[in-house]
Amino acid sequence: MPTGVGIDAMTVGGNIVGRTALDDRMLVRSGFHNLGIVMGCRVTGSATAMAYVLDSGADPVSVAVASRGGADGATTFPIASGTVTTTAAPASGSRIDLIWARQNDPSKGDADNLVTSGVTQGNAAPTPVAPALPAGAVELARALVPSGATRGSATTLTPGPRAIPYGASLGVLHSFRDVRNSALPDAVETVGAGSFVLPTARTLEFRIMPSLMPTASGARGAQFFRAALDDIDRATFVAQVDGASTQTFIWTAEVPAGEHTVAYKRLKRDGQSARGLYGAYQGEVYQGTVFQVIDLGAA
């Protein structure tokens, strides 16, 4: 039977009682919604060679969490600063390089128990596809390598995914912007549809932020907005405007784990017409109508 973290192993009847390496990996995995970078792990392109430079950036150390499969748990490991070299750029098209780190495990056939880092190159193409990561590796960054590049700084780098602690906010789950800068239809319309998957029951915040102005000068304009979750209208808001303005409407709900759909409905209110407003107008800049679903954390 395993023991908790911070408890010494004991010898009972000649047998050592305590945690195994797999027990530890399962404990690590239980602390994260997903795998990725915990802190640090900055990747930049070399200014002198086809290589990528790894360091911790503004953080004191680089740490990541990775797994070789659900039944194997996960490992958290530090990543040393250094340089990893890639191959010459393609003669035509472009390719994607994945810069990664990996915790070796002798029980899985590795030669040692060190943390290693490296680069895996994809195939050159007009629209390149990322290659597969080595087993147990975590993506620190990906680089779009154009034809003819002679140094890492000539590539376009995108940081790898961040590991999110269990119960922490998952951030913005869905975002949509209606950029119509014109009169809006009188009929009911469904706008900003999207979907997402929740790993656990979560508290979500639904935001509708319309930028509107009356259709007719000197009149009042108004629009209804209805937030919909899983094809059911959940909350109704009324935006009334006497001039150009942006308003914010918020609805919060506890939503169970699983896949969900979202959208909002928009319609004119009782003959009070308002038009969408996007971009510059009378010295101000308006955002259109923004619809967001934001995770606030575990319910």
# chains A, B, ... in the order shown; residues from 1 in each chain; ligands from 1
>>> residues_around(residues="segment 144-161 of chain A", least_positions_apart="2", cutoff="9 Å", atoms="only C-alpha atoms", output="ChimeraX atom specification")
/A:34-37,41-53,85-86,88-97,99-100,124,128,138-142,163
>>> write_last_selection(atoms="N, CA and C atoms", output="short mmCIF file (atom, residue, chain, number, x, y, z; two decimals), in the first residue's frame")
data_model
loop_
_atom_site.label_atom_id
_atom_site.label_comp_id
_atom_site.auth_asym_id
_atom_site.auth_seq_id
_atom_site.Cartn_x
_atom_site.Cartn_y
_atom_site.Cartn_z
N ASN A 34 -3.80 19.50 -17.51
CA ASN A 34 -3.14 19.14 -18.77
C ASN A 34 -1.63 19.23 -18.59
N LEU A 35 -0.90 18.73 -19.55
CA LEU A 35 0.55 18.69 -19.48
C LEU A 35 1.14 19.89 -20.21
N GLY A 36 2.36 20.27 -19.85
CA GLY A 36 3.01 21.38 -20.53
C GLY A 36 4.02 22.07 -19.65
N ILE A 37 4.24 23.34 -19.94
CA ILE A 37 5.23 24.15 -19.24
C ILE A 37 4.65 24.62 -17.91
N CYS A 41 11.17 27.94 -19.30
CA CYS A 41 11.13 27.25 -20.60
C CYS A 41 11.03 28.23 -21.78
N ARG A 42 11.75 29.34 -21.70
CA ARG A 42 11.76 30.27 -22.82
C ARG A 42 12.63 29.71 -23.94
N VAL A 43 12.15 29.84 -25.16
CA VAL A 43 12.91 29.39 -26.33
C VAL A 43 13.04 30.57 -27.29
N THR A 44 14.27 30.86 -27.70
CA THR A 44 14.52 31.91 -28.68
C THR A 44 15.39 31.35 -29.80
N GLY A 45 15.39 32.00 -30.93
CA GLY A 45 16.19 31.56 -32.05
C GLY A 45 17.60 32.13 -31.99
N SER A 46 18.60 31.29 -32.27
CA SER A 46 19.99 31.75 -32.29
C SER A 46 20.18 32.78 -33.40
N ALA A 47 20.98 33.79 -33.11
CA ALA A 47 21.27 34.82 -34.11
C ALA A 47 22.42 34.44 -35.02
N THR A 48 23.09 33.31 -34.73
CA THR A 48 24.29 32.95 -35.48
C THR A 48 24.24 31.56 -36.12
N ALA A 49 23.26 30.74 -35.76
CA ALA A 49 23.23 29.37 -36.27
C ALA A 49 21.80 28.87 -36.35
N MET A 50 21.61 27.75 -37.05
CA MET A 50 20.30 27.09 -37.08
C MET A 50 20.14 26.31 -35.78
N ALA A 51 19.76 27.04 -34.76
CA ALA A 51 19.67 26.47 -33.42
C ALA A 51 18.68 27.28 -32.60
N TYR A 52 18.25 26.69 -31.48
CA TYR A 52 17.32 27.34 -30.56
C TYR A 52 17.94 27.36 -29.17
N VAL A 53 17.74 28.48 -28.48
CA VAL A 53 18.34 28.70 -27.17
C VAL A 53 17.26 28.52 -26.11
N THR A 85 20.45 22.21 -31.59
CA THR A 85 20.69 22.50 -33.00
C THR A 85 19.67 21.78 -33.87
N THR A 86 19.21 22.45 -34.91
CA THR A 86 18.31 21.85 -35.87
C THR A 86 19.01 21.71 -37.22
N ALA A 88 19.35 22.17 -41.55
CA ALA A 88 19.24 23.30 -42.48
C ALA A 88 17.80 23.52 -42.91
N ALA A 89 17.46 24.75 -43.21
CA ALA A 89 16.11 25.08 -43.65
C ALA A 89 15.82 24.43 -45.00
N PRO A 90 14.55 24.15 -45.31
CA PRO A 90 14.23 23.54 -46.60
C PRO A 90 14.53 24.50 -47.76
N ALA A 91 14.77 23.91 -48.92
CA ALA A 91 15.04 24.72 -50.12
C ALA A 91 13.77 25.38 -50.64
N SER A 92 12.63 24.78 -50.37
CA SER A 92 11.35 25.35 -50.78
C SER A 92 10.30 25.01 -49.74
N GLY A 93 9.22 25.78 -49.75
CA GLY A 93 8.19 25.57 -48.74
C GLY A 93 8.69 25.97 -47.37
N SER A 94 8.10 25.39 -46.35
CA SER A 94 8.53 25.63 -44.97
C SER A 94 8.26 24.37 -44.16
N ARG A 95 8.77 24.33 -42.95
CA ARG A 95 8.53 23.17 -42.09
C ARG A 95 8.33 23.65 -40.66
N ILE A 96 7.84 22.74 -39.81
CA ILE A 96 7.65 23.04 -38.40
C ILE A 96 8.64 22.21 -37.58
N ASP A 97 9.40 22.89 -36.75
CA ASP A 97 10.28 22.24 -35.78
C ASP A 97 9.60 22.24 -34.42
N ILE A 99 10.49 21.96 -30.53
CA ILE A 99 11.57 21.98 -29.54
C ILE A 99 10.99 21.39 -28.26
N TRP A 100 11.66 20.40 -27.70
CA TRP A 100 11.05 19.62 -26.62
C TRP A 100 12.05 19.28 -25.52
N ALA A 124 8.92 19.48 -45.07
CA ALA A 124 8.68 20.75 -45.76
C ALA A 124 7.47 20.63 -46.67
N PRO A 128 2.84 23.36 -43.92
CA PRO A 128 3.48 22.28 -43.16
C PRO A 128 2.64 21.81 -41.98
N VAL A 138 7.64 16.89 -23.77
CA VAL A 138 6.75 18.03 -23.66
C VAL A 138 7.21 19.10 -24.64
N GLU A 139 6.27 19.72 -25.33
CA GLU A 139 6.60 20.76 -26.31
C GLU A 139 6.92 22.07 -25.59
N LEU A 140 8.15 22.56 -25.78
CA LEU A 140 8.54 23.84 -25.21
C LEU A 140 8.21 24.98 -26.16
N ALA A 141 8.31 24.71 -27.46
CA ALA A 141 7.98 25.72 -28.47
C ALA A 141 7.93 25.02 -29.82
N ARG A 142 7.31 25.69 -30.79
CA ARG A 142 7.38 25.23 -32.17
C ARG A 142 7.82 26.39 -33.04
N ALA A 163 1.01 24.08 -18.54
CA ALA A 163 0.34 23.14 -17.65
C ALA A 163 -0.56 23.93 -16.70
#
>>> residues_around(residues="Ala64 of chain A", least_positions_apart="3", cutoff="7 Å", atoms="only C-alpha atoms", output="list in words")
Gly36, Ile37, Val38, Met39, Thr76, Phe77 and Pro78 of chain A
>>> write_last_selection(atoms="N, CA and C atoms", output="short mmCIF file (atom, residue, chain, number, x, y, z; two decimals), in the first residue's frame")
data_model
loop_
_atom_site.label_atom_id
_atom_site.label_comp_id
_atom_site.auth_asym_id
_atom_site.auth_seq_id
_atom_site.Cartn_x
_atom_site.Cartn_y
_atom_site.Cartn_z
N GLY A 36 2.36 20.27 -19.85
CA GLY A 36 3.01 21.38 -20.53
C GLY A 36 4.02 22.07 -19.65
N ILE A 37 4.24 23.34 -19.94
CA ILE A 37 5.23 24.15 -19.24
C ILE A 37 4.65 24.62 -17.91
N VAL A 38 5.41 24.44 -16.83
CA VAL A 38 5.00 24.94 -15.52
C VAL A 38 5.54 26.34 -15.30
N MET A 39 6.81 26.55 -15.60
CA MET A 39 7.41 27.88 -15.49
C MET A 39 8.68 27.91 -16.33
N THR A 76 7.28 15.62 -13.23
CA THR A 76 7.66 17.03 -13.24
C THR A 76 9.18 17.08 -13.19
N PHE A 77 9.77 17.88 -14.07
CA PHE A 77 11.23 17.86 -14.13
C PHE A 77 11.79 19.23 -14.50
N PRO A 78 13.02 19.54 -14.02
CA PRO A 78 13.67 20.79 -14.39
C PRO A 78 14.36 20.63 -15.74
#
>>> select_by_dssp(residues="segment 59-289 of chain A", states="strand (DSSP E or B)", output="MDAnalysis selection string")
chainID A and resid 63:66 75:78 82:85 94:103 115:121 125 137:146 156:159 162 165 171:178 183 189:198 202:209 211:214 221:229 232:241 245:246 249:255 258:269 272 274:276 278:281 284:287 289
>>> atom_distance(atom1="atom CA of Asp178 of chain A", atom2="atom CA of Met209 of chain A")
10.2 Å
>>> atom_distance(atom1="atom CA of Ser81 of chain A", atom2="atom CA of Ala143 of chain A")
18.1 Å
>>> residues_around(residues="Ala257 of chain A", least_positions_apart="3", cutoff="9 Å", atoms="only C-alpha atoms", output="PyMOL selection string")
chain A and resi 197-202+260
>>> write_last_selection(atoms="C-alpha atoms", output="PDB file, in the first residue's frame")
ATOM      1  CA  VAL A 197     -15.045  20.439 -23.165  1.00  0.00           C
ATOM      2  CA  LEU A 198     -14.847  20.788 -19.374  1.00  0.00           C
ATOM      3  CA  PRO A 199     -12.698  18.254 -17.471  1.00  0.00           C
ATOM      4  CA  THR A 200     -14.682  18.796 -14.257  1.00  0.00           C
ATOM      5  CA  ALA A 201     -17.684  20.788 -13.075  1.00  0.00           C
ATOM      6  CA  ARG A 202     -16.701  24.461 -13.443  1.00  0.00           C
ATOM      7  CA  HIS A 260     -20.976  21.972 -24.188  1.00  0.00           C
TER       8      HIS A 260
END
>>> closest_atom_pairs(of="segment 79-106 of chain A", to="segment 4-27 of chain A", cutoff="12 Å", atoms="only C-alpha atoms", output="tab-separated table")
residue	atom	partner	partner_atom	distance
A:Gln103	CA	A:Arg25	CA	11.9
A:Asp105	CA	A:Ala21	CA	10.3
A:Pro106	CA	A:Ala21	CA	11.7
>>> write_last_selection(atoms="C-alpha atoms", output="mmCIF file, in the first residue's frame")
data_model
loop_
_atom_site.group_PDB
_atom_site.id
_atom_site.type_symbol
_atom_site.label_atom_id
_atom_site.label_comp_id
_atom_site.auth_asym_id
_atom_site.auth_seq_id
_atom_site.Cartn_x
_atom_site.Cartn_y
_atom_site.Cartn_z
ATOM 1 C CA GLN A 103 12.599 12.894 -18.671
ATOM 2 C CA ASP A 105 13.304 6.555 -17.562
ATOM 3 C CA PRO A 106 15.487 3.413 -17.470
#
>>> closest_residue(among="A:Ala111, A:Ala168, A:Ala235, A:Leu277", to="Asn181 of chain A", atoms="only C-alpha atoms")
A:Leu277
>>> atom_distance(atom1="atom CA of Ala137 of chain A", atom2="atom CA of Gly40 of chain A")
16.3 Å
>>> closest_atom_pairs(of="segment 124-215 of chain A", to="segment 279-291 of chain A", cutoff="7 Å", atoms="only C-alpha atoms", output="tab-separated table")
residue	atom	partner	partner_atom	distance
A:Ser175	CA	A:Phe291	CA	5.7
A:Phe176	CA	A:Phe291	CA	5.1
A:Arg177	CA	A:Val290	CA	4.5
A:Asp178	CA	A:Thr289	CA	5.0
A:Val179	CA	A:Gly288	CA	4.9
A:Arg180	CA	A:Gly288	CA	6.8
A:Gly192	CA	A:Phe291	CA	6.9
A:Arg207	CA	A:Phe291	CA	5.6
A:Ile208	CA	A:Phe291	CA	4.7
A:Met209	CA	A:Val290	CA	5.0
A:Pro210	CA	A:Thr289	CA	4.0
A:Ser211	CA	A:Gly288	CA	5.1
>>> closest_residue(among="A:Gln240, A:Thr116, A:Thr261, A:Thr203", to="Ala227 of chain A", atoms="only C-alpha atoms")
A:Thr261
>>> closest_residue(among="A:Ala132, A:Ala101, A:Ala125, A:Ala187", to="Ser62 of chain A", atoms="only C-alpha atoms")
A:Ala101
